[in-house]
$ cat query09.txt   # compact mmCIF, C-alpha atoms and all ligand atoms
# COMPACT_ATOMS: atom_id res chain seq x y z
CA MET A 20 -47.36 79.06 -64.08
CA LEU A 21 -50.88 77.62 -64.31
CA ILE A 22 -51.19 73.85 -64.70
CA VAL A 23 -54.63 72.52 -65.60
CA GLY A 24 -54.92 68.94 -64.33
CA GLY A 25 -53.45 67.50 -61.16
CA GLY A 26 -52.95 63.90 -62.33
CA PRO A 27 -49.46 62.35 -62.43
CA ALA A 28 -48.34 64.52 -65.38
CA GLY A 29 -49.59 67.81 -63.91
CA LEU A 30 -48.13 67.11 -60.47
CA ALA A 31 -44.79 65.93 -61.87
CA ALA A 32 -44.59 69.11 -63.99
CA ALA A 33 -45.53 71.25 -60.98
CA ILE A 34 -42.80 69.66 -58.86
CA ALA A 35 -40.14 69.98 -61.57
CA LEU A 36 -41.01 73.64 -62.22
CA ARG A 37 -41.26 74.54 -58.54
CA MET A 38 -37.84 72.93 -57.97
CA GLN A 39 -36.51 75.54 -60.45
CA GLY A 40 -38.14 78.30 -58.37
CA ALA A 41 -41.31 78.93 -60.42
CA ASP A 42 -44.54 80.08 -58.80
CA VAL A 43 -46.91 77.23 -59.69
CA VAL A 44 -50.68 76.76 -59.36
CA VAL A 45 -52.26 73.37 -60.12
CA ALA A 46 -56.03 73.27 -60.68
CA ASP A 47 -58.00 70.02 -60.88
CA ALA A 48 -61.72 69.39 -60.96
CA LEU A 49 -61.35 66.41 -58.59
CA LYS A 50 -59.87 66.04 -55.12
CA PRO A 51 -57.08 63.72 -54.01
CA PRO A 52 -56.25 60.97 -53.89
CA ILE A 53 -57.35 60.74 -57.53
CA ASP A 54 -57.83 57.19 -58.78
CA LYS A 55 -57.83 56.02 -62.41
CA ALA A 56 -57.92 52.75 -64.32
CA CYS A 57 -54.23 51.83 -64.59
CA GLY A 58 -51.95 48.80 -64.61
CA GLU A 59 -50.08 50.50 -61.73
CA GLY A 60 -46.62 49.33 -62.73
CA LEU A 61 -43.60 51.66 -62.73
CA MET A 62 -40.52 50.42 -64.60
CA PRO A 63 -37.06 51.05 -63.07
CA ASP A 64 -36.47 54.10 -65.30
CA ALA A 65 -39.79 55.64 -64.19
CA ARG A 66 -38.77 55.13 -60.55
CA GLN A 67 -35.49 56.92 -61.23
CA ASP A 68 -37.25 59.83 -62.91
CA LEU A 69 -39.59 60.08 -59.93
CA ALA A 70 -36.68 59.98 -57.50
CA ALA A 71 -35.10 62.89 -59.38
CA LEU A 72 -38.27 64.83 -58.56
CA GLY A 73 -37.81 63.95 -54.89
CA VAL A 74 -40.59 61.35 -54.88
CA THR A 75 -39.54 57.96 -53.60
CA CYS A 76 -41.92 55.04 -53.40
CA GLU A 77 -40.83 52.75 -50.57
CA ALA A 78 -40.97 49.02 -51.25
CA THR A 79 -43.51 48.73 -48.41
CA GLU A 80 -45.91 51.08 -50.21
CA GLY A 81 -46.24 48.69 -53.13
CA ARG A 82 -44.38 45.64 -54.32
CA PRO A 83 -41.17 45.57 -56.35
CA PHE A 84 -41.01 43.40 -59.47
CA ARG A 85 -37.96 42.17 -61.35
CA GLY A 86 -39.12 42.02 -64.97
CA ILE A 87 -41.84 41.32 -67.49
CA GLN A 88 -43.41 38.06 -68.58
CA PHE A 89 -45.50 37.49 -71.72
CA LYS A 90 -47.87 34.50 -71.96
CA ASN A 91 -49.69 33.80 -75.20
CA TRP A 92 -52.77 31.64 -74.71
CA THR A 93 -54.31 29.38 -77.29
CA ASP A 94 -56.99 27.16 -75.71
CA ARG A 95 -55.56 25.88 -72.41
CA THR A 96 -51.89 26.12 -73.27
CA ALA A 97 -49.54 29.06 -73.20
CA VAL A 98 -46.20 29.95 -74.72
CA ALA A 99 -44.32 32.01 -72.15
CA VAL A 100 -41.22 34.18 -72.10
CA SER A 101 -39.85 36.41 -69.37
CA ALA A 102 -36.93 38.78 -68.88
CA ASP A 103 -35.42 40.55 -65.89
CA PHE A 104 -34.59 44.25 -65.92
CA GLU A 105 -30.94 44.94 -66.65
CA SER A 106 -30.66 47.16 -63.59
CA GLY A 107 -32.95 47.95 -60.70
CA GLU A 108 -36.48 46.84 -59.99
CA GLY A 109 -39.86 48.15 -61.02
CA ILE A 110 -42.59 48.73 -58.47
CA GLY A 111 -46.30 48.03 -58.51
CA ILE A 112 -48.03 50.76 -56.57
CA ARG A 113 -51.71 51.63 -56.16
CA ARG A 114 -52.57 54.68 -58.21
CA THR A 115 -54.04 56.42 -55.15
CA VAL A 116 -50.78 55.90 -53.22
CA LEU A 117 -48.72 57.31 -56.09
CA HIS A 118 -51.05 60.30 -56.33
CA ALA A 119 -50.75 60.90 -52.58
CA ARG A 120 -46.92 60.81 -52.79
CA LEU A 121 -46.88 63.30 -55.68
CA THR A 122 -49.38 65.57 -53.91
CA ASP A 123 -47.37 65.51 -50.64
CA ARG A 124 -44.16 66.40 -52.46
CA ALA A 125 -45.82 69.22 -54.45
CA ARG A 126 -47.39 70.71 -51.32
CA ASP A 127 -44.17 70.41 -49.29
CA ILE A 128 -42.16 72.43 -51.79
CA GLY A 129 -44.78 75.16 -52.13
CA VAL A 130 -46.89 74.33 -55.18
CA ARG A 131 -50.32 75.96 -54.79
CA LEU A 132 -52.89 73.19 -55.15
CA ARG A 133 -56.48 74.03 -56.10
CA TRP A 134 -58.60 70.88 -55.92
CA LYS A 135 -62.30 70.68 -56.86
CA THR A 136 -61.71 73.69 -59.05
CA HIS A 137 -63.63 74.19 -62.26
CA VAL A 138 -61.45 75.57 -65.04
CA ALA A 139 -63.35 77.41 -67.80
CA PHE A 140 -61.88 78.38 -71.16
CA GLY A 141 -63.22 81.39 -73.05
CA ASN A 142 -61.47 84.57 -74.10
CA SER A 143 -59.48 84.05 -70.92
CA VAL A 144 -59.07 81.22 -68.43
CA ALA A 145 -61.14 81.28 -65.23
CA LEU A 146 -60.77 79.25 -62.06
CA ASP A 147 -64.16 78.77 -60.40
CA GLY A 148 -65.45 81.78 -62.34
CA ALA A 149 -62.56 84.09 -61.42
CA PRO A 150 -60.30 85.16 -64.33
CA CYS A 151 -56.75 83.95 -63.90
CA THR A 152 -53.56 85.48 -65.29
CA TYR A 153 -50.43 83.47 -65.93
CA GLN A 154 -47.13 83.68 -67.72
CA TYR A 155 -47.36 80.09 -68.99
CA LEU A 156 -50.26 77.63 -69.15
CA VAL A 157 -49.63 73.89 -69.07
CA GLY A 158 -52.40 71.52 -70.22
CA ALA A 159 -52.10 68.32 -68.17
CA ASP A 160 -55.78 67.52 -68.41
CA GLY A 161 -55.61 64.01 -69.84
CA GLN A 162 -56.41 62.50 -73.18
CA SER A 163 -59.63 64.45 -73.85
CA SER A 164 -57.80 67.69 -73.05
CA ARG A 165 -59.88 70.86 -73.16
CA VAL A 166 -56.69 72.95 -73.11
CA ARG A 167 -55.56 71.19 -76.31
CA ILE A 168 -58.78 72.13 -78.14
CA TRP A 169 -58.89 75.66 -76.70
CA ALA A 170 -55.27 76.37 -77.70
CA GLY A 171 -55.78 75.01 -81.23
CA LEU A 172 -53.34 72.13 -80.72
CA ASP A 173 -55.77 69.33 -81.49
CA ARG A 174 -54.51 68.51 -85.00
CA GLY A 175 -52.91 65.11 -85.30
CA ARG A 176 -53.75 61.44 -85.74
CA LEU A 177 -55.65 59.04 -83.50
CA VAL A 178 -53.84 55.78 -84.28
CA SER A 179 -55.79 53.50 -81.95
CA LYS A 180 -58.56 53.56 -79.40
CA ARG A 181 -59.10 50.65 -77.01
CA PHE A 182 -60.99 50.02 -73.79
CA GLY A 183 -59.18 49.47 -70.50
CA PHE A 184 -60.37 48.20 -67.10
CA ARG A 185 -58.80 47.33 -63.79
CA ARG A 186 -59.70 45.59 -60.56
CA HIS A 187 -57.69 44.65 -57.43
CA TYR A 188 -57.66 41.23 -55.81
CA ARG A 189 -56.48 40.27 -52.32
CA ILE A 190 -54.28 37.40 -53.45
CA SER A 191 -50.54 36.71 -53.10
CA PRO A 192 -48.80 37.48 -56.39
CA MET A 193 -47.82 34.32 -58.31
CA SER A 194 -44.48 35.77 -59.39
CA ASN A 195 -42.15 38.75 -59.15
CA TYR A 196 -42.96 39.75 -62.73
CA VAL A 197 -45.63 41.87 -64.35
CA GLU A 198 -47.44 39.13 -66.25
CA VAL A 199 -48.99 40.07 -69.57
CA HIS A 200 -51.46 37.45 -70.77
CA TRP A 201 -52.29 37.65 -74.48
CA CYS A 202 -55.42 36.15 -76.01
CA ASP A 203 -57.79 36.84 -78.90
CA LEU A 204 -59.93 39.26 -76.87
CA GLY A 205 -57.04 41.43 -75.67
CA GLN A 206 -54.43 41.49 -72.91
CA VAL A 207 -54.74 40.97 -69.17
CA TYR A 208 -51.80 42.23 -67.19
CA ILE A 209 -51.16 41.46 -63.59
CA THR A 210 -49.00 43.68 -61.41
CA PRO A 211 -48.15 42.84 -57.81
CA VAL A 212 -49.02 45.95 -55.74
CA GLY A 213 -48.64 44.51 -52.23
CA GLN A 214 -47.61 41.37 -50.34
CA GLN A 215 -51.20 40.20 -50.59
CA GLU A 216 -52.58 42.28 -53.42
CA ILE A 217 -52.49 42.33 -57.20
CA CYS A 218 -53.78 44.81 -59.77
CA VAL A 219 -55.43 43.16 -62.76
CA ALA A 220 -55.78 45.40 -65.81
CA MET A 221 -57.36 44.40 -69.11
CA VAL A 222 -57.24 46.12 -72.47
CA THR A 223 -59.40 45.18 -75.44
CA ARG A 224 -60.36 46.65 -78.80
CA TYR A 225 -63.95 45.41 -78.45
CA SER A 226 -66.35 47.92 -76.86
CA THR A 227 -68.72 45.22 -75.60
CA VAL A 228 -66.07 43.04 -73.92
CA ARG A 229 -65.65 43.34 -70.14
CA MET A 230 -62.91 42.16 -67.82
CA GLN A 231 -64.65 38.97 -66.73
CA HIS A 232 -65.14 37.85 -70.37
CA VAL A 233 -61.41 37.96 -70.96
CA ILE A 234 -60.53 36.39 -67.60
CA ASP A 235 -63.02 33.59 -68.30
CA SER A 236 -61.47 32.98 -71.71
CA ILE A 237 -58.16 32.04 -70.06
CA PRO A 238 -58.68 28.98 -67.79
CA TYR A 239 -55.56 29.71 -65.70
CA LEU A 240 -56.88 33.19 -64.82
CA ARG A 241 -60.45 31.97 -64.40
CA GLU A 242 -59.30 29.49 -61.76
CA TRP A 243 -56.92 31.92 -60.03
CA LEU A 244 -58.97 35.13 -59.95
CA LYS A 245 -62.10 34.37 -57.95
CA ALA A 246 -64.75 37.09 -57.70
CA LYS A 247 -64.77 36.75 -53.89
CA ASP A 248 -61.13 37.92 -53.73
CA ALA A 249 -61.82 41.18 -55.61
CA VAL A 250 -61.33 44.18 -53.28
CA THR A 251 -62.17 46.97 -55.71
CA GLY A 252 -64.84 47.35 -58.37
CA GLU A 253 -64.13 47.42 -62.08
CA ARG A 254 -62.93 50.87 -63.20
CA GLY A 255 -62.67 51.64 -66.89
CA ALA A 256 -61.05 54.21 -69.18
CA LEU A 257 -60.28 54.67 -72.83
CA THR A 258 -56.71 54.12 -73.88
CA THR A 259 -55.44 55.69 -77.08
CA THR A 260 -52.36 56.00 -79.22
CA ARG A 261 -52.46 59.60 -80.40
CA ARG A 262 -49.92 61.64 -82.28
CA LEU A 263 -50.17 65.44 -82.31
CA ARG A 264 -48.59 67.82 -84.78
CA ARG A 265 -47.58 70.31 -82.09
CA VAL A 266 -47.61 70.43 -78.31
CA VAL A 267 -46.64 74.09 -77.87
CA LYS A 268 -48.33 77.27 -79.04
CA GLY A 269 -47.34 80.70 -77.72
CA ASN A 270 -47.23 80.39 -73.95
CA VAL A 271 -49.27 77.15 -73.82
CA ALA A 272 -47.70 73.68 -73.59
CA LEU A 273 -49.26 70.23 -73.29
CA ILE A 274 -47.95 67.38 -71.14
CA GLY A 275 -48.87 63.78 -70.31
CA ASP A 276 -51.79 62.14 -72.12
CA ALA A 277 -52.99 65.59 -73.22
CA SER A 278 -49.85 65.86 -75.36
CA GLY A 279 -50.28 62.53 -77.20
CA SER A 280 -50.42 59.04 -75.79
CA VAL A 281 -49.43 55.41 -76.26
CA ASP A 282 -51.64 52.38 -75.69
CA ALA A 283 -51.86 51.22 -72.06
CA VAL A 284 -50.32 47.82 -72.79
CA THR A 285 -46.91 49.49 -73.17
CA GLY A 286 -47.08 50.42 -69.44
CA GLU A 287 -45.28 53.65 -70.34
CA GLY A 288 -47.84 56.45 -69.82
CA LEU A 289 -46.55 57.48 -66.40
CA ALA A 290 -42.86 57.22 -67.29
CA ILE A 291 -43.43 59.42 -70.34
CA SER A 292 -45.13 62.07 -68.19
CA PHE A 293 -42.24 62.17 -65.72
CA ARG A 294 -39.68 62.56 -68.53
CA GLN A 295 -41.75 65.31 -70.12
CA ALA A 296 -42.00 67.12 -66.78
CA SER A 297 -38.19 67.28 -66.46
CA LEU A 298 -37.85 68.39 -70.09
CA LEU A 299 -40.44 71.13 -69.58
CA SER A 300 -38.68 72.55 -66.54
CA ARG A 301 -35.27 72.43 -68.28
CA SER A 302 -36.70 74.24 -71.31
CA LEU A 303 -38.31 76.96 -69.23
CA GLN A 304 -35.11 77.38 -67.29
CA ASP A 305 -33.56 78.30 -70.64
CA GLY A 306 -36.33 80.88 -71.01
CA SER A 307 -38.70 79.41 -73.63
CA LEU A 308 -40.97 76.54 -74.58
CA GLU A 309 -39.28 76.10 -77.96
CA ASN A 310 -36.94 73.35 -76.84
CA TYR A 311 -39.80 71.50 -75.13
CA GLY A 312 -41.75 71.49 -78.40
CA ALA A 313 -38.75 70.21 -80.34
CA GLU A 314 -37.62 67.50 -77.90
CA HIS A 315 -41.05 66.25 -76.82
CA GLU A 316 -41.41 64.00 -79.88
CA LYS A 317 -38.17 62.15 -79.02
CA ILE A 318 -39.58 61.01 -75.67
CA LEU A 319 -42.54 59.38 -77.39
CA GLN A 320 -40.61 57.74 -80.23
CA ILE A 321 -39.67 54.37 -78.68
CA PRO A 322 -42.90 53.91 -76.66
CA ARG A 323 -44.90 54.65 -79.81
CA ARG A 324 -42.99 52.05 -81.83
CA MET A 325 -43.55 49.53 -79.04
CA ALA A 326 -47.25 50.45 -79.09
CA TYR A 327 -47.46 49.91 -82.88
CA ALA A 328 -45.82 46.49 -82.54
CA MET A 329 -48.07 45.43 -79.68
CA LEU A 330 -51.20 46.69 -81.43
CA LEU A 331 -50.22 44.59 -84.44
CA MET A 332 -49.84 41.57 -82.16
CA ASP A 333 -53.25 42.36 -80.68
CA ALA A 334 -55.01 42.64 -84.02
CA HIS A 335 -53.46 39.60 -85.77
CA SER A 336 -53.19 36.30 -83.91
CA ALA A 337 -50.71 34.97 -86.50
CA VAL A 338 -48.34 37.89 -85.81
CA ARG A 339 -48.79 37.40 -82.06
CA ASN A 340 -48.12 33.65 -82.25
CA TYR A 341 -45.00 34.17 -84.39
CA ALA A 342 -43.69 36.98 -82.25
CA ILE A 343 -44.11 35.28 -78.87
CA ARG A 344 -42.84 31.92 -80.13
CA THR A 345 -39.80 33.70 -81.55
CA LEU A 346 -39.17 35.48 -78.26
CA ALA A 347 -39.72 32.27 -76.26
CA HIS A 348 -37.20 30.49 -78.47
CA SER A 349 -34.63 33.29 -78.08
CA PRO A 350 -35.18 34.89 -74.63
CA ASN A 351 -32.19 37.17 -75.26
CA LEU A 352 -34.31 38.95 -77.85
CA PHE A 353 -36.99 39.62 -75.25
CA ARG A 354 -34.35 40.85 -72.80
CA GLY A 355 -32.96 43.15 -75.49
CA LEU A 356 -36.41 44.55 -76.26
CA LEU A 357 -37.02 45.16 -72.56
CA ASN A 358 -33.70 47.00 -72.42
CA VAL A 359 -34.81 49.21 -75.32
CA HIS A 360 -38.14 49.77 -73.60
CA THR A 361 -36.52 50.88 -70.36
CA GLY A 362 -33.85 53.01 -72.06
CA ASN A 363 -30.88 50.70 -71.31
CA GLU A 364 -30.22 50.05 -75.00
CA THR A 365 -30.88 52.00 -78.19
CA LEU A 366 -33.15 50.55 -80.89
CA PRO A 367 -30.50 50.76 -83.68
CA HIS A 368 -28.01 48.88 -81.47
CA PHE A 369 -30.61 46.23 -80.66
CA LEU A 370 -31.52 45.78 -84.35
CA LEU A 371 -27.86 45.58 -85.33
CA GLN A 372 -27.24 42.86 -82.75
CA ASN A 373 -30.45 40.88 -83.26
CA GLY A 374 -31.88 41.64 -86.71
CA ALA A 375 -30.40 38.53 -88.33
CA VAL A 376 -31.57 36.20 -85.52
CA MET A 377 -35.09 37.61 -85.70
CA LEU A 378 -35.28 37.18 -89.45
CA LYS A 379 -33.89 33.64 -89.31
CA ARG A 380 -36.34 32.62 -86.63
CA CYS A 381 -39.31 34.07 -88.54
CA VAL A 382 -38.28 32.20 -91.69
CA CYS A 383 -37.89 29.01 -89.65
CA LEU A 384 -41.35 29.37 -88.12
CA SER A 385 -42.94 30.00 -91.53
CA ALA A 386 -41.24 26.89 -92.87
CA GLN A 387 -42.47 24.87 -89.88
CA LYS A 388 -46.00 26.04 -90.53
CA SER A 389 -46.03 25.18 -94.21
CA ASP A 390 -44.10 21.88 -93.90
CA PRO A 391 -43.56 20.79 -90.27
CA GLU A 392 -41.70 17.57 -91.17
CA ARG A 393 -39.18 19.20 -93.48
CA ALA A 394 -38.61 22.14 -91.16
CA SER A 395 -37.82 19.84 -88.23
CA THR A 396 -35.07 18.17 -90.25
C1 LIG A 401 -56.44 50.54 -68.37
C2 LIG A 401 -55.19 51.40 -68.34
C3 LIG A 401 -54.01 50.86 -67.86
C4 LIG A 401 -52.85 51.64 -67.81
N1 LIG A 401 -51.71 51.08 -67.30
C5 LIG A 401 -50.59 51.83 -67.18
C6 LIG A 401 -49.42 51.30 -66.54
O1 LIG A 401 -49.39 50.15 -66.10
N2 LIG A 401 -48.32 52.09 -66.45
C7 LIG A 401 -48.33 53.36 -66.93
O2 LIG A 401 -47.30 54.04 -66.83
N3 LIG A 401 -49.42 53.90 -67.51
C8 LIG A 401 -50.56 53.17 -67.63
N4 LIG A 401 -51.69 53.71 -68.19
C9 LIG A 401 -51.62 55.10 -68.71
C10 LIG A 401 -51.66 56.12 -67.59
O3 LIG A 401 -52.76 55.86 -66.74
C11 LIG A 401 -51.78 57.52 -68.19
O4 LIG A 401 -50.78 57.69 -69.14
C12 LIG A 401 -51.65 58.59 -67.11
O5 LIG A 401 -52.79 58.57 -66.27
C13 LIG A 401 -51.54 59.99 -67.73
O6 LIG A 401 -51.53 60.93 -66.71
P1 LIG A 401 -52.07 62.40 -66.98
O7 LIG A 401 -51.78 63.15 -65.73
O8 LIG A 401 -51.56 62.90 -68.27
O9 LIG A 401 -53.65 62.26 -67.18
P2 LIG A 401 -54.77 61.85 -66.14
O10 LIG A 401 -54.26 60.83 -65.20
O11 LIG A 401 -55.96 61.53 -66.96
O12 LIG A 401 -55.02 63.19 -65.30
C14 LIG A 401 -55.69 64.30 -65.85
C15 LIG A 401 -56.24 65.15 -64.73
O13 LIG A 401 -56.80 66.33 -65.29
C16 LIG A 401 -58.00 66.64 -64.62
N5 LIG A 401 -58.82 67.44 -65.54
C17 LIG A 401 -59.26 67.12 -66.77
N6 LIG A 401 -59.95 68.14 -67.31
C18 LIG A 401 -59.94 69.14 -66.40
C19 LIG A 401 -60.48 70.45 -66.37
N7 LIG A 401 -61.15 70.99 -67.41
N8 LIG A 401 -60.30 71.19 -65.26
C20 LIG A 401 -59.60 70.70 -64.21
N9 LIG A 401 -59.06 69.48 -64.18
C21 LIG A 401 -59.23 68.70 -65.26
C22 LIG A 401 -58.60 65.29 -64.27
O14 LIG A 401 -59.47 65.41 -63.14
C23 LIG A 401 -57.36 64.46 -63.95
O15 LIG A 401 -57.05 64.49 -62.58
C24 LIG A 401 -52.86 52.97 -68.27
C25 LIG A 401 -54.07 53.53 -68.76
C26 LIG A 401 -55.22 52.74 -68.80
C27 LIG A 401 -56.49 53.35 -69.31
$ encode --input "query09.txt" --output "structure tokens"
Amino acid sequence: MLIVGGGPAGLAAAIALRMQGADVVVADALKPPIDKACGEGLMPDARQDLAALGVTCEATEGRPFRGIQFKNWTDRTAVAVSADFESGEGIGIRRTVLHARLTDRARDIGVRLRWKTHVAFGNSVALDGAPCTYQYLVGADGQSSRVRIWAGLDRGRLVSKRFGFRRHYRISPMSNYVEVHWCDLGQVYITPVGQQEICVAMVTRYSTVRMQHVIDSIPYLREWLKAKDAVTGERGALTTTRRLRRVVKGNVALIGDASGSVDAVTGEGLAISFRQASLLSRSLQDGSLENYGAEHEKILQIPRRMAYAMLLMDAHSAVRNYAIRTLAHSPNLFRGLLNVHTGNETLPHFLLQNGAVMLKRCVCLSAQKSDPERAST
């Protein structure tokens, strides 16, 4: 089994496959611990999936959080709503620490790790110039996947492309939530990653906007996040929502961002990779990649819908204002959505329970906007 890419998806796949007894080689051009621009938050379901792979992140290695908070800023005021996870806690953990945990686990169970290895794709696949044979090839080489192009799996749709950045600050977290601050320029989300450290990630659709522009546009953040408290530099990456037609061809399969992605603001990229890794190993245990190809789409369904909704809120301030005011007025809705997001509730069940309330609230808000006096009576 050759896995190209030793990021979270490649390592999770390697661990899952090795746990089923496969002989696995992971090749990555970089060497660990590999860092990447990331919000660094793992939801409770992602922690569980990791634990199933034998990777546990101790609370002391990061900082647990109890839920998600949205704050929508217009000028100096914000409308806020928060919800706790139904069960368990999430954890904010530095990307380098997570990578080290995954690498340790992979090495301990006998995955063969080839760091700083150049993978070339021609008539055959070569590792540092030496041809390599394999029974299966897994492309875990991120969103600009070379494996995807080489295997002819690149057909699909790029739904969105935005620009993401992150920086760490040595500051005590303000709350036990991942705070997502919404404004016209994009979203800033703050994840506690230590007793005295936070990860600040920013996502924007404007190529010329940088982190400090967005922080400065929100007075609360401008006053809280002082440049002198920054402990890492600004690291950037593209974030996309991409849908592929197929993720399997012959003996090649794609996983993680290489296999389609959702915008960073969903905070789901890592969780998706871990679920895909388990699915891949289960499918190969049954002797083929067919099931992986068929079931892969289901894993992305809910995160993709969440991404569409959040991208709509990003692009249209009126939609964002309506949505967050509606959620702030009915926090149970937000809790329900978080439950759907973390797999504790199905979307049809949520819509059945809350569709009428959502509609009523939207109608009410429209009425308030067109005739505030009448609506208040
Ligand atoms: C700003 C930002 C914030 C985010 N926040 C969150 C968050 O809070 N929570 C969350 O779950 N997700 C978040 N994400 C998404 C998450 O970072 C990705 O989904 C995740 O990194 C995908 O992992 P991966 O292993 O598929 O790809 P990558 O992490 O990109 O790893 C790919 C690996 O492949 C290697 N590689 C590539 N090409 C080759 C080659 N030819 N030969 C050898 N090696 C190669 C690279 O060196 C790299 O190590 C965020 C993303 C961004 C940009």
$ residues_around --input "query09.txt" --residues "Val144 (chain A)" --least-positions-apart "5" --cutoff "12 Å" --atoms "all atoms listed in the file" --output "list in words"
Leu21, Ile22, Val23, Ala46, His137, Val138, Ala139, Ala149, Pro150, Cys151, Thr152, Tyr153, Tyr155, Leu156, Val157, Gly158, Arg165, Val166, Trp169, Ala170 and Val271 of chain A
$ closest_residue --input "query09.txt" --among "A:Gly58, A:Gly73, A:Pro52, A:Gly129" --to "ligand LIG 401 (chain A)" --atoms "only C-alpha atoms and all ligand atoms"
A:Gly58
$ residues_near_ligand --input "query09.txt" --ligand "ligand LIG 401 (chain A)" --cutoff "7 Å" --atoms "all atoms listed in the file" --output "short mmCIF file (atom, residue, chain, number, x, y, z; two decimals) with C-alpha atoms, in the coordinates of the input"
data_model
loop_
_atom_site.label_atom_id
_atom_site.label_comp_id
_atom_site.auth_asym_id
_atom_site.auth_seq_id
_atom_site.Cartn_x
_atom_site.Cartn_y
_atom_site.Cartn_z
CA VAL A 23 -54.63 72.52 -65.60
CA GLY A 24 -54.92 68.94 -64.33
CA GLY A 25 -53.45 67.50 -61.16
CA GLY A 26 -52.95 63.90 -62.33
CA PRO A 27 -49.46 62.35 -62.43
CA ALA A 28 -48.34 64.52 -65.38
CA GLY A 29 -49.59 67.81 -63.91
CA ALA A 46 -56.03 73.27 -60.68
CA ASP A 47 -58.00 70.02 -60.88
CA ALA A 48 -61.72 69.39 -60.96
CA LEU A 49 -61.35 66.41 -58.59
CA ILE A 53 -57.35 60.74 -57.53
CA LYS A 55 -57.83 56.02 -62.41
CA ALA A 56 -57.92 52.75 -64.32
CA CYS A 57 -54.23 51.83 -64.59
CA GLY A 58 -51.95 48.80 -64.61
CA GLU A 59 -50.08 50.50 -61.73
CA GLY A 60 -46.62 49.33 -62.73
CA LEU A 61 -43.60 51.66 -62.73
CA THR A 136 -61.71 73.69 -59.05
CA HIS A 137 -63.63 74.19 -62.26
CA VAL A 138 -61.45 75.57 -65.04
CA ALA A 139 -63.35 77.41 -67.80
CA ALA A 159 -52.10 68.32 -68.17
CA ASP A 160 -55.78 67.52 -68.41
CA GLY A 161 -55.61 64.01 -69.84
CA GLN A 162 -56.41 62.50 -73.18
CA SER A 164 -57.80 67.69 -73.05
CA ARG A 165 -59.88 70.86 -73.16
CA GLY A 183 -59.18 49.47 -70.50
CA PHE A 184 -60.37 48.20 -67.10
CA ARG A 185 -58.80 47.33 -63.79
CA ALA A 220 -55.78 45.40 -65.81
CA MET A 221 -57.36 44.40 -69.11
CA VAL A 222 -57.24 46.12 -72.47
CA GLY A 255 -62.67 51.64 -66.89
CA ALA A 256 -61.05 54.21 -69.18
CA LEU A 257 -60.28 54.67 -72.83
CA THR A 258 -56.71 54.12 -73.88
CA ILE A 274 -47.95 67.38 -71.14
CA GLY A 275 -48.87 63.78 -70.31
CA ASP A 276 -51.79 62.14 -72.12
CA ALA A 277 -52.99 65.59 -73.22
CA SER A 280 -50.42 59.04 -75.79
CA ALA A 283 -51.86 51.22 -72.06
CA VAL A 284 -50.32 47.82 -72.79
CA GLY A 286 -47.08 50.42 -69.44
CA GLU A 287 -45.28 53.65 -70.34
CA GLY A 288 -47.84 56.45 -69.82
CA LEU A 289 -46.55 57.48 -66.40
CA ALA A 290 -42.86 57.22 -67.29
CA SER A 292 -45.13 62.07 -68.19
#
$ closest_residue --input "query09.txt" --among "A:Ile34, A:Met193, A:Val100, A:Cys218" --to "Ala70 (chain A)" --atoms "only C-alpha atoms"
A:Ile34
$ closest_atom_pairs --input "query09.txt" --of "region 207-270 of chain A" --to "region 108-126 of chain A" --cutoff "7 Å" --atoms "all atoms listed in the file" --output "tab-separated table"
residue	atom	partner	partner_atom	distance
A:Thr210	CA	A:Gly111	CA	5.9
A:Pro211	CA	A:Gly111	CA	5.6
A:Val212	CA	A:Gly111	CA	4.4
$ residues_near_point --input "query09.txt" --point "(-54.3, 48.0, -75.9)" --cutoff "9 Å" --atoms "all atoms listed in the file" --output "PyMOL selection string"
chain A and resi 179-183+205-206+221-224+258-260+281-285+326+329-330+333
$ closest_residue --input "query09.txt" --among "A:Ala375, A:Leu240, A:Thr251, A:Leu356" --to "Ala97 (chain A)" --atoms "all atoms listed in the file"
A:Leu240
$ closest_residue --input "query09.txt" --among "A:Gly213, A:Arg261, A:Phe353, A:Thr345" --to "Tyr327 (chain A)" --atoms "all atoms listed in the file"
A:Arg261
$ closest_residue --input "query09.txt" --among "A:Asn195, A:Thr365, A:Gln39, A:Ser349" --to "Gly306 (chain A)" --atoms "all atoms listed in the file"
A:Gln39
$ atom_distance --input "query09.txt" --atom1 "CA of Arg339 (chain A)" --atom2 "CA of Asp203 (chain A)"
9.6 Å
$ residues_around --input "query09.txt" --residues "Leu299 (chain A)" --least-positions-apart "2" --cutoff "9 Å" --atoms "all atoms listed in the file" --output "list in words"
Ala32, Ala35, Leu36, Ala272, Ile274, Arg294, Gln295, Ala296, Ser297, Arg301, Ser302, Leu303, Gln304, Leu308, Asn310, Tyr311, Gly312 and His315 of chain A
$ atom_distance --input "query09.txt" --atom1 "CA of Arg323 (chain A)" --atom2 "CA of Arg262 (chain A)"
9.0 Å
$ closest_residue --input "query09.txt" --among "A:Trp92, A:Asn363, A:Tyr341, A:Gln214" --to "Gly107 (chain A)" --atoms "only C-alpha atoms"
A:Asn363
$ atom_distance --input "query09.txt" --atom1 "CA of Gly141 (chain A)" --atom2 "CA of Arg264 (chain A)"
23.1 Å
